[in-house]
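Scroll down for the structure; my scribbles are underneath it.
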Amino acid sequence: MSAASVDLRDKTAIVGIGATKFDAMYRNLDPERSPYELAAEAFRKALEDSGLEKREIDGLICVRVPSYQRMADVLGLPRLRLVNVLEGAGRMAGAALQYAVMAVATGQAQTVAVVYGNNGRSAGARYGGAVDPNATTVYDAMYGMTSPGAYVSMMFRRHQYEYGTTEDALAALAINNRKNGALNPDAVFQKPITREEYFAGRYVAEPLRLYDYCLINDGGVAFIVTSADRAKGLRHPPAYIAATYAASELTNFYTVRDFFYGACQDIAQRIYPAAGVGPRDIDCAQIYDNFTPTILFSLEGFGFCPRGESGAWVQGGRIERGGELPINTGGGHTSESYMQGFALTIEAVRQIRGEAGPRQVPNCEVVQYICVAPICNSHILHR
Amino acid sequence: MDTPAYSKPLPVLTKLNAPFWEGTKRGELRLQRCTVCGRIWFPPSTHCPQCLATAYEWITASGRGKVWSWIVMHQRYFKAFDADLPYVVAMIELEEGPMLMSTLLGIPKAEIHCDLPVRVVFEDVTADMAVPKFTSV
């Protein structure tokens, strides 16, 4: 396939971010809480954070909320030049930013709001057990096979077999997330865990245990993308998008044989040259962690470590704040919030702005977002 | 004889997948093969995923394969599997190429490993369907 012909480097920036308070809402369920209300609250905060007027928003990408029409009406944005809805899947956080960047850089819209609302905890979302009779997963459900975590667990077992990866690798990731969450006043779980507590966690889909799993909570996140020109002089320093790319590995299963290595390489070979940086220039990484093994697959796929060596690579504090590559500084999906990539995206912006408080990575100039799933995507953002 | 109805999830029987299920009742694991390019695939689909031809035949697979990977499900997702918890789910790489989700019969957990050679066996569950499972060769 040919390389990108349009240079999007630094043409756009995230200028506004907003989110609900995850921890307070986790302890306060409300069956009437709607994804629209959560997305609207996040949008209100993102707009205020940006300093833009609402009338400047001419693009709206909705994620997880069922209807863009309802969402636009709730937000009072009847006249838009770009508007649509993406399904509530983790891979869509990256896709939404990718589409927003393309729209702004090509002039389809001047300023795009991406809004996400998730009332999963109040609504009793389970992520397994429901079988869509039209999907190929009916052939898996015959054996009680269901839930994305179980398909990721299949890959982790195979990774163990091929490379000798141990469960200590997962423990390091789960412990790191909780350690970071302890410094995040909005995180759902702010209590660190020990190695012993990790291994005492019950199996969910063995070899994955409780602390390998994302939590399920309610919340909303929004961010606003505009042109580099419009971004100047707004309330906060812009988080410029140096590059954004995606690549898929879509088969009958969430499980794929190469742990998404090929798709990640396809992105890596484009995104680093396009952004003018390499893995060693990344000051911190926000890596989609619906289940901890996806961080290992991400690190290998993007060349942070040699293929098969991620298990050893994540040990010894390398991925912690103060280490070589701090990962998921806000606590990730197992500690901060399960906002399907959106909370990680705005944490990237906070780190670039230098407003992450006690969890701030010093001199953080370049942040990479990575999501490894049947659609993989990545962005490199910088000051 | 009254037996309780089979309560675990099963695919809906359709014109498209009927030959697969007829095969299971006869002890055959059947897969679609494109008569234009020879590609073999699973699960049933109307078009060859390689050349997009709609001309295919049902072949009887060897029934042999390897355990690509496996997990033990501890979480209660399906009430119908309550009595089985925790249970093994294995992803089988068939000799013909396609991957098939299944489970393993008669293999102690300590002896299960990736790339373990296995062969298909069938468990009769309804008048129309037998479920393919795998055991040691």
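Ligands are numbered from 1 in the order shown, residues from 1 within each chain, and chains are lettered A, B, ... in the order they appear in the structure tokens.
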Using only C-alpha atoms, which residues of chain A come within 9 Å of chain B, and what is the closest atom pair for each, with the distance in Å to one decimal? Give it as CSV, sorted by chain and residue number.
residue,atom,partner,partner_atom,distance
A:Arg126,CA,B:Tyr77,CA,8.4
A:Gly128,CA,B:Tyr77,CA,6.1
A:Gly129,CA,B:Tyr77,CA,4.7
A:Ala130,CA,B:Tyr77,CA,8.3
A:Val131,CA,B:Pro9,CA,8.2
A:Pro133,CA,B:Pro11,CA,6.8
A:Asn134,CA,B:Pro11,CA,8.9
A:Thr136,CA,B:Pro43,CA,6.7
A:Thr137,CA,B:Pro11,CA,9.0
A:Val138,CA,B:Pro11,CA,5.3
A:Tyr139,CA,B:Pro11,CA,6.4
A:Asp140,CA,B:Met101,CA,5.5
A:Ala141,CA,B:Pro9,CA,6.0
A:Met142,CA,B:Pro9,CA,5.2
A:Tyr143,CA,B:Ser102,CA,5.9
A:Gly144,CA,B:Phe81,CA,6.7
A:Met145,CA,B:Val89,CA,6.6
A:Thr146,CA,B:Tyr77,CA,7.6
A:Ser147,CA,B:Tyr77,CA,8.5
A:Ala150,CA,B:Ile71,CA,7.4
A:Tyr151,CA,B:Ile71,CA,8.8
A:Ser153,CA,B:Ile71,CA,6.8
A:Met154,CA,B:Ser69,CA,5.6
A:Met155,CA,B:Ser69,CA,7.2
A:Phe156,CA,B:Ser69,CA,8.9
A:Arg157,CA,B:Ser69,CA,6.3
A:Arg158,CA,B:Ser69,CA,5.5
A:Tyr161,CA,B:Cys114,CA,6.7
A:Glu162,CA,B:Cys114,CA,8.9
A:Arg202,CA,B:His74,CA,8.5
A:Tyr203,CA,B:His74,CA,6.2
A:Val204,CA,B:Gln75,CA,5.0
A:Ala205,CA,B:Met73,CA,4.5
A:Glu206,CA,B:Val72,CA,4.9
A:Pro207,CA,B:Ile71,CA,6.7
A:Leu208,CA,B:Ile71,CA,8.8
A:Asn252,CA,B:Pro43,CA,8.0
A:Arg257,CA,B:Trp68,CA,8.6
Given the selection you just returned, output its residues as a file containing N, CA and C atoms, formatted as a JSON list (two decimals), in the first residue's frame.
[["chain", "number", "residue", "atom", "x", "y", "z"],
["A", 126, "ARG", "N", -22.40, -6.15, 30.66],
["A", 126, "ARG", "CA", -21.65, -7.34, 31.09],
["A", 126, "ARG", "C", -20.51, -7.75, 30.15],
["A", 128, "GLY", "N", -20.26, -9.98, 27.97],
["A", 128, "GLY", "CA", -20.14, -11.41, 27.71],
["A", 128, "GLY", "C", -21.48, -12.05, 27.97],
["A", 129, "GLY", "N", -21.74, -13.18, 27.30],
["A", 129, "GLY", "CA", -22.96, -13.91, 27.59],
["A", 129, "GLY", "C", -24.11, -13.64, 26.63],
["A", 130, "ALA", "N", -24.19, -12.42, 26.12],
["A", 130, "ALA", "CA", -25.24, -12.13, 25.14],
["A", 130, "ALA", "C", -24.77, -12.60, 23.78],
["A", 131, "VAL", "N", -25.62, -13.29, 23.05],
["A", 131, "VAL", "CA", -25.20, -13.83, 21.75],
["A", 131, "VAL", "C", -26.06, -13.22, 20.66],
["A", 133, "PRO", "N", -27.50, -13.49, 17.27],
["A", 133, "PRO", "CA", -27.68, -14.66, 16.40],
["A", 133, "PRO", "C", -27.14, -14.46, 14.99],
["A", 134, "ASN", "N", -26.84, -13.24, 14.62],
["A", 134, "ASN", "CA", -26.33, -12.99, 13.27],
["A", 134, "ASN", "C", -24.80, -13.00, 13.22],
["A", 136, "THR", "N", -20.85, -14.40, 13.92],
["A", 136, "THR", "CA", -20.19, -15.70, 13.89],
["A", 136, "THR", "C", -19.89, -16.22, 15.29],
["A", 137, "THR", "N", -20.00, -15.34, 16.30],
["A", 137, "THR", "CA", -19.71, -15.78, 17.66],
["A", 137, "THR", "C", -20.70, -16.83, 18.17],
["A", 138, "VAL", "N", -21.79, -17.06, 17.44],
["A", 138, "VAL", "CA", -22.70, -18.14, 17.86],
["A", 138, "VAL", "C", -21.97, -19.48, 17.87],
["A", 139, "TYR", "N", -20.97, -19.63, 17.01],
["A", 139, "TYR", "CA", -20.22, -20.88, 16.96],
["A", 139, "TYR", "C", -19.29, -21.01, 18.17],
["A", 140, "ASP", "N", -18.93, -19.89, 18.78],
["A", 140, "ASP", "CA", -18.09, -19.91, 19.98],
["A", 140, "ASP", "C", -18.94, -20.11, 21.23],
["A", 141, "ALA", "N", -20.13, -19.51, 21.22],
["A", 141, "ALA", "CA", -20.99, -19.58, 22.41],
["A", 141, "ALA", "C", -21.43, -21.02, 22.71],
["A", 142, "MET", "N", -21.39, -21.89, 21.71],
["A", 142, "MET", "CA", -21.72, -23.31, 21.93],
["A", 142, "MET", "C", -20.84, -23.90, 23.02],
["A", 143, "TYR", "N", -19.65, -23.36, 23.15],
["A", 143, "TYR", "CA", -18.67, -23.89, 24.11],
["A", 143, "TYR", "C", -18.54, -22.99, 25.34],
["A", 144, "GLY", "N", -19.46, -22.06, 25.47],
["A", 144, "GLY", "CA", -19.39, -21.13, 26.59],
["A", 144, "GLY", "C", -18.32, -20.08, 26.39],
["A", 145, "MET", "N", -17.85, -19.92, 25.15],
["A", 145, "MET", "CA", -16.82, -18.92, 24.86],
["A", 145, "MET", "C", -17.49, -17.59, 24.57],
["A", 146, "THR", "N", -17.11, -16.59, 25.32],
["A", 146, "THR", "CA", -17.71, -15.26, 25.18],
["A", 146, "THR", "C", -16.81, -14.26, 25.88],
["A", 147, "SER", "N", -16.99, -12.99, 25.62],
["A", 147, "SER", "CA", -16.33, -11.86, 26.28],
["A", 147, "SER", "C", -14.96, -11.57, 25.68],
["A", 150, "ALA", "N", -11.79, -13.07, 27.34],
["A", 150, "ALA", "CA", -11.47, -14.48, 27.11],
["A", 150, "ALA", "C", -10.67, -14.66, 25.82],
["A", 151, "TYR", "N", -10.99, -13.85, 24.80],
["A", 151, "TYR", "CA", -10.24, -13.94, 23.54],
["A", 151, "TYR", "C", -8.83, -13.39, 23.70],
["A", 153, "SER", "N", -7.25, -13.50, 26.57],
["A", 153, "SER", "CA", -6.60, -14.53, 27.39],
["A", 153, "SER", "C", -6.04, -15.65, 26.51],
["A", 154, "MET", "N", -6.78, -16.02, 25.46],
["A", 154, "MET", "CA", -6.29, -17.02, 24.48],
["A", 154, "MET", "C", -4.95, -16.57, 23.90],
["A", 155, "MET", "N", -4.89, -15.29, 23.55],
["A", 155, "MET", "CA", -3.64, -14.78, 22.95],
["A", 155, "MET", "C", -2.52, -14.78, 23.98],
["A", 156, "PHE", "N", -2.84, -14.38, 25.21],
["A", 156, "PHE", "CA", -1.78, -14.33, 26.22],
["A", 156, "PHE", "C", -1.22, -15.73, 26.46],
["A", 157, "ARG", "N", -2.09, -16.76, 26.54],
["A", 157, "ARG", "CA", -1.61, -18.14, 26.74],
["A", 157, "ARG", "C", -0.66, -18.53, 25.60],
["A", 158, "ARG", "N", -1.04, -18.17, 24.39],
["A", 158, "ARG", "CA", -0.20, -18.51, 23.24],
["A", 158, "ARG", "C", 1.13, -17.75, 23.30],
["A", 161, "TYR", "N", 3.37, -19.48, 25.53],
["A", 161, "TYR", "CA", 3.90, -20.69, 24.90],
["A", 161, "TYR", "C", 5.01, -20.35, 23.91],
["A", 162, "GLU", "N", 4.80, -19.30, 23.12],
["A", 162, "GLU", "CA", 5.80, -18.97, 22.09],
["A", 162, "GLU", "C", 7.04, -18.31, 22.66],
["A", 202, "ARG", "N", -9.05, -13.59, 41.80],
["A", 202, "ARG", "CA", -9.67, -14.80, 41.22],
["A", 202, "ARG", "C", -9.45, -14.82, 39.70],
["A", 203, "TYR", "N", -9.41, -16.04, 39.16],
["A", 203, "TYR", "CA", -9.37, -16.16, 37.71],
["A", 203, "TYR", "C", -10.72, -15.76, 37.12],
["A", 204, "VAL", "N", -10.67, -15.07, 36.00],
["A", 204, "VAL", "CA", -11.89, -14.78, 35.25],
["A", 204, "VAL", "C", -11.92, -15.71, 34.02],
["A", 205, "ALA", "N", -10.95, -15.53, 33.13],
["A", 205, "ALA", "CA", -10.74, -16.48, 32.04],
["A", 205, "ALA", "C", -9.25, -16.83, 32.12],
["A", 206, "GLU", "N", -8.94, -17.89, 32.83],
["A", 206, "GLU", "CA", -7.57, -18.30, 33.12],
["A", 206, "GLU", "C", -6.78, -18.49, 31.83],
["A", 207, "PRO", "N", -5.61, -17.87, 31.69],
["A", 207, "PRO", "CA", -4.74, -17.32, 32.73],
["A", 207, "PRO", "C", -5.00, -15.87, 33.18],
["A", 208, "LEU", "N", -6.03, -15.20, 32.74],
["A", 208, "LEU", "CA", -6.25, -13.83, 33.22],
["A", 208, "LEU", "C", -7.04, -13.81, 34.53],
["A", 252, "ASN", "N", -12.65, -13.69, 12.20],
["A", 252, "ASN", "CA", -13.82, -14.20, 12.89],
["A", 252, "ASN", "C", -13.72, -14.08, 14.40],
["A", 257, "ARG", "N", -3.64, -14.50, 15.41],
["A", 257, "ARG", "CA", -2.45, -15.34, 15.61],
["A", 257, "ARG", "C", -1.19, -14.58, 15.90]]
(request) Any chance you could list, as a ChimeraX atom specification, the residues in range 187-281 of chain A that come up alpha helix (DSSP H) when DSSP is run on the backbone? (result) /A:195-200,228-231,261-275
(request) List every residue of chain B that DSSP, applied to the backbone of this structure, places in strand (DSSP E), and write the result as an NGL selection string. (result) :B and (30-34 or 40-41 or 56-60 or 64-73 or 87-94 or 99-102 or 117-124 or 130-136)
Taking C-alpha atoms for each residue, export the selection above as a PDB file, in the first residue's frame.
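Final output, selection.pdb:
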ATOM      1  CA  ARG B  30     -17.653 -30.270   6.998  1.00  0.00           C
ATOM      2  CA  LEU B  31     -16.166 -27.035   5.698  1.00  0.00           C
ATOM      3  CA  GLN B  32     -16.916 -24.921   2.652  1.00  0.00           C
ATOM      4  CA  ARG B  33     -14.369 -24.976  -0.180  1.00  0.00           C
ATOM      5  CA  CYS B  34     -14.428 -22.518  -3.050  1.00  0.00           C
ATOM      6  CA  ILE B  40     -11.467 -23.375   2.630  1.00  0.00           C
ATOM      7  CA  TRP B  41     -13.268 -21.378   5.321  1.00  0.00           C
ATOM      8  CA  TYR B  56     -18.509 -23.649  -3.233  1.00  0.00           C
ATOM      9  CA  GLU B  57     -18.734 -27.266  -2.153  1.00  0.00           C
ATOM     10  CA  TRP B  58     -18.861 -28.860   1.261  1.00  0.00           C
ATOM     11  CA  ILE B  59     -15.844 -31.026   1.947  1.00  0.00           C
ATOM     12  CA  THR B  60     -15.334 -33.390   4.837  1.00  0.00           C
ATOM     13  CA  ARG B  64      -7.458 -33.399  12.878  1.00  0.00           C
ATOM     14  CA  GLY B  65      -5.888 -30.254  14.187  1.00  0.00           C
ATOM     15  CA  LYS B  66      -3.845 -28.681  16.960  1.00  0.00           C
ATOM     16  CA  VAL B  67      -4.706 -26.697  20.049  1.00  0.00           C
ATOM     17  CA  TRP B  68      -3.626 -23.160  19.040  1.00  0.00           C
ATOM     18  CA  SER B  69      -4.438 -21.932  22.524  1.00  0.00           C
ATOM     19  CA  TRP B  70      -6.826 -22.601  25.388  1.00  0.00           C
ATOM     20  CA  ILE B  71      -8.313 -20.982  28.461  1.00  0.00           C
ATOM     21  CA  VAL B  72     -10.270 -22.064  31.502  1.00  0.00           C
ATOM     22  CA  MET B  73     -13.450 -20.051  31.899  1.00  0.00           C
ATOM     23  CA  TYR B  87     -14.554 -25.225  31.886  1.00  0.00           C
ATOM     24  CA  VAL B  88     -11.954 -25.443  29.140  1.00  0.00           C
ATOM     25  CA  VAL B  89     -12.331 -23.602  25.846  1.00  0.00           C
ATOM     26  CA  ALA B  90      -9.783 -24.381  23.155  1.00  0.00           C
ATOM     27  CA  MET B  91      -9.062 -22.671  19.864  1.00  0.00           C
ATOM     28  CA  ILE B  92      -8.340 -25.409  17.345  1.00  0.00           C
ATOM     29  CA  GLU B  93      -6.239 -24.857  14.257  1.00  0.00           C
ATOM     30  CA  LEU B  94      -7.652 -27.359  11.768  1.00  0.00           C
ATOM     31  CA  MET B  99      -9.630 -21.924  13.258  1.00  0.00           C
ATOM     32  CA  LEU B 100     -12.506 -23.380  15.223  1.00  0.00           C
ATOM     33  CA  MET B 101     -13.477 -22.630  18.796  1.00  0.00           C
ATOM     34  CA  SER B 102     -14.249 -25.815  20.722  1.00  0.00           C
ATOM     35  CA  PRO B 117      -2.537 -32.661  18.330  1.00  0.00           C
ATOM     36  CA  VAL B 118      -6.250 -33.422  18.607  1.00  0.00           C
ATOM     37  CA  ARG B 119      -9.066 -35.056  16.630  1.00  0.00           C
ATOM     38  CA  VAL B 120     -12.749 -34.277  16.428  1.00  0.00           C
ATOM     39  CA  VAL B 121     -15.525 -36.190  18.160  1.00  0.00           C
ATOM     40  CA  PHE B 122     -19.223 -35.312  18.111  1.00  0.00           C
ATOM     41  CA  GLU B 123     -21.684 -34.921  20.939  1.00  0.00           C
ATOM     42  CA  ASP B 124     -25.312 -35.349  19.910  1.00  0.00           C
ATOM     43  CA  ALA B 130     -24.161 -32.611  17.127  1.00  0.00           C
ATOM     44  CA  VAL B 131     -21.486 -30.368  18.639  1.00  0.00           C
ATOM     45  CA  PRO B 132     -17.888 -30.924  17.471  1.00  0.00           C
ATOM     46  CA  LYS B 133     -15.450 -31.319  20.335  1.00  0.00           C
ATOM     47  CA  PHE B 134     -11.837 -32.475  20.367  1.00  0.00           C
ATOM     48  CA  THR B 135      -9.854 -35.179  22.097  1.00  0.00           C
ATOM     49  CA  SER B 136      -6.348 -36.681  22.063  1.00  0.00           C
TER      50      SER B 136
END
For Asp23 in chain A, work out the shell of residues within 10 Å, counting only C-alpha atoms and skipping chain neighbours fewer than 3 positions away, then give it as a short mmCIF file (atom, residue, chain, number, x, y, z; two decimals) with C-alpha atoms, in the first residue's frame.
data_model
loop_
_atom_site.label_atom_id
_atom_site.label_comp_id
_atom_site.auth_asym_id
_atom_site.auth_seq_id
_atom_site.Cartn_x
_atom_site.Cartn_y
_atom_site.Cartn_z
CA THR A 20 -17.04 13.50 34.59
CA TYR A 26 -18.87 4.75 40.62
CA ARG A 27 -20.28 4.80 44.13
CA ASN A 28 -23.56 6.34 43.08
CA ASN A 184 -5.41 10.46 40.44
CA PRO A 185 -8.18 11.99 42.58
CA ASP A 186 -10.78 11.11 39.92
CA ALA A 187 -9.78 7.45 39.58
CA VAL A 188 -12.31 4.81 40.56
CA PHE A 189 -9.65 2.73 42.32
CA GLN A 190 -7.04 4.74 44.20
CA ASN A 217 -18.16 2.34 35.40
CA ASP A 218 -20.28 5.27 34.28
CA GLY A 219 -18.78 8.39 32.81
CA SER A 335 -7.87 1.69 37.89
CA GLU A 336 -8.91 5.10 36.59
CA SER A 337 -11.98 4.46 34.47
#
(request) Would you list the contacts of Thr54 in chain B as a ChimeraX atom specification, taking every protein, DNA or RNA residue within 10 Å and counting only C-alpha atoms, but skipping same-chain residues closer than 5 positions in sequence? (result) /B:34-36,45-49
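You will find CA of Gln265 in chain A at 14.8 Å from CA of Tyr369 in chain A.
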(request) Kindly give the distance, in Å, that separates CA of Tyr254 in chain A and CA of Pro374 in chain A, rounded to a single decimal. (result) 6.3 Å
(message) Taking 3 positions as the minimum chain separation for residues in the same chain, which residues sit within 9 Å of Gln360 in chain A when counting only C-alpha atoms? Answer as a ChimeraX atom specification.
(response) /A:321,329,350-351,354-357,363-364
Just N, CA and C atoms for this one: save the residues we selected as a PDB file, in the first residue's frame.
ATOM      1  N   ARG A 321       6.100   5.864  36.600  1.00  0.00           N
ATOM      2  CA  ARG A 321       6.445   7.273  36.565  1.00  0.00           C
ATOM      3  C   ARG A 321       7.883   7.405  37.048  1.00  0.00           C
ATOM      4  N   THR A 329      -0.484   6.845  32.946  1.00  0.00           N
ATOM      5  CA  THR A 329      -0.200   7.671  34.116  1.00  0.00           C
ATOM      6  C   THR A 329      -1.444   8.015  34.936  1.00  0.00           C
ATOM      7  N   ARG A 350      -3.407  16.185  29.147  1.00  0.00           N
ATOM      8  CA  ARG A 350      -3.003  16.749  30.453  1.00  0.00           C
ATOM      9  C   ARG A 350      -1.491  16.675  30.632  1.00  0.00           C
ATOM     10  N   GLN A 351      -0.924  15.542  30.250  1.00  0.00           N
ATOM     11  CA  GLN A 351       0.525  15.377  30.413  1.00  0.00           C
ATOM     12  C   GLN A 351       1.282  16.375  29.539  1.00  0.00           C
ATOM     13  N   GLY A 354       1.147  19.689  31.061  1.00  0.00           N
ATOM     14  CA  GLY A 354       1.826  19.779  32.352  1.00  0.00           C
ATOM     15  C   GLY A 354       0.872  20.025  33.505  1.00  0.00           C
ATOM     16  N   GLU A 355      -0.376  19.548  33.337  1.00  0.00           N
ATOM     17  CA  GLU A 355      -1.365  19.801  34.393  1.00  0.00           C
ATOM     18  C   GLU A 355      -1.852  18.522  35.072  1.00  0.00           C
ATOM     19  N   ALA A 356      -0.970  17.498  35.092  1.00  0.00           N
ATOM     20  CA  ALA A 356      -1.388  16.215  35.681  1.00  0.00           C
ATOM     21  C   ALA A 356      -1.085  16.124  37.176  1.00  0.00           C
ATOM     22  N   GLY A 357      -0.691  17.216  37.774  1.00  0.00           N
ATOM     23  CA  GLY A 357      -0.516  17.247  39.231  1.00  0.00           C
ATOM     24  C   GLY A 357       0.531  16.269  39.720  1.00  0.00           C
ATOM     25  N   ASN A 363       8.845  17.309  32.275  1.00  0.00           N
ATOM     26  CA  ASN A 363       9.260  17.672  30.910  1.00  0.00           C
ATOM     27  C   ASN A 363       8.600  16.802  29.848  1.00  0.00           C
ATOM     28  N   CYS A 364       7.332  16.592  29.994  1.00  0.00           N
ATOM     29  CA  CYS A 364       6.625  15.700  29.062  1.00  0.00           C
ATOM     30  C   CYS A 364       6.264  16.466  27.794  1.00  0.00           C
TER      31      CYS A 364
END
(request) In Å, rounded to a single decimal, give me how far CA of Ile61 in chain A is from CA of Val115 in chain A. (result) 6.4 Å
(message) Show me, as a list in words, the residues that have an atom within 8 Å of Gly51 in chain A when counting only C-alpha atoms, minus same-chain residues fewer than 6 positions from it.
(response) Gly16, Leu234 and Arg235 of chain A
Those same residues - C-alpha atoms - I'd like them written as a PDB file, in the first residue's frame.
ATOM      1  CA  GLY A  16     -10.306  21.298  25.033  1.00  0.00           C
ATOM      2  CA  LEU A 234      -6.789  29.732  23.417  1.00  0.00           C
ATOM      3  CA  ARG A 235      -7.081  28.994  27.131  1.00  0.00           C
TER       4      ARG A 235
END
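Close contacts of Arg353 in chain A, defined as residues with an atom at most 9 Å away when counting only C-alpha atoms, with chain neighbours fewer than 3 positions off set aside, comprise His236, Pro237, Pro238, Ala239, Ala348, Val349, Arg350, Ala356, Cys364, Glu365 and Arg383 of chain A.
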For N, CA and C atoms, I'd like the residues from the last selection saved as an mmCIF file, in the first residue's frame.
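part-v7.cif was written with the following content:
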data_model
loop_
_atom_site.group_PDB
_atom_site.id
_atom_site.type_symbol
_atom_site.label_atom_id
_atom_site.label_comp_id
_atom_site.auth_asym_id
_atom_site.auth_seq_id
_atom_site.Cartn_x
_atom_site.Cartn_y
_atom_site.Cartn_z
ATOM 1 N N HIS A 236 -5.603 27.054 26.851
ATOM 2 C CA HIS A 236 -4.483 26.179 27.227
ATOM 3 C C HIS A 236 -3.562 25.993 26.028
ATOM 4 N N PRO A 237 -2.312 25.620 26.294
ATOM 5 C CA PRO A 237 -1.428 25.304 25.168
ATOM 6 C C PRO A 237 -2.021 24.154 24.347
ATOM 7 N N PRO A 238 -1.975 24.246 23.032
ATOM 8 C CA PRO A 238 -2.536 23.156 22.215
ATOM 9 C C PRO A 238 -1.727 21.870 22.360
ATOM 10 N N ALA A 239 -2.421 20.737 22.274
ATOM 11 C CA ALA A 239 -1.739 19.444 22.157
ATOM 12 C C ALA A 239 -1.794 19.089 20.672
ATOM 13 N N ALA A 348 -3.364 12.034 27.953
ATOM 14 C CA ALA A 348 -2.236 12.424 27.089
ATOM 15 C C ALA A 348 -2.157 13.941 26.983
ATOM 16 N N VAL A 349 -3.314 14.577 26.833
ATOM 17 C CA VAL A 349 -3.351 16.042 26.709
ATOM 18 C C VAL A 349 -2.919 16.698 28.023
ATOM 19 N N ARG A 350 -3.407 16.185 29.147
ATOM 20 C CA ARG A 350 -3.003 16.749 30.453
ATOM 21 C C ARG A 350 -1.491 16.675 30.632
ATOM 22 N N ALA A 356 -0.970 17.498 35.092
ATOM 23 C CA ALA A 356 -1.388 16.215 35.681
ATOM 24 C C ALA A 356 -1.085 16.124 37.176
ATOM 25 N N CYS A 364 7.332 16.592 29.994
ATOM 26 C CA CYS A 364 6.625 15.700 29.062
ATOM 27 C C CYS A 364 6.264 16.466 27.794
ATOM 28 N N GLU A 365 6.934 16.142 26.720
ATOM 29 C CA GLU A 365 6.712 16.869 25.469
ATOM 30 C C GLU A 365 6.018 16.041 24.400
ATOM 31 N N ARG A 383 3.622 19.026 22.522
ATOM 32 C CA ARG A 383 3.441 20.422 22.912
ATOM 33 C C ARG A 383 3.468 21.336 21.716
#
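When only C-alpha atoms are used to compute distances to Leu29 in chain A, the closest of the residues A:Glu309, A:Gln368, A:Gly124, A:Leu210 turns out to be A:Gly124.
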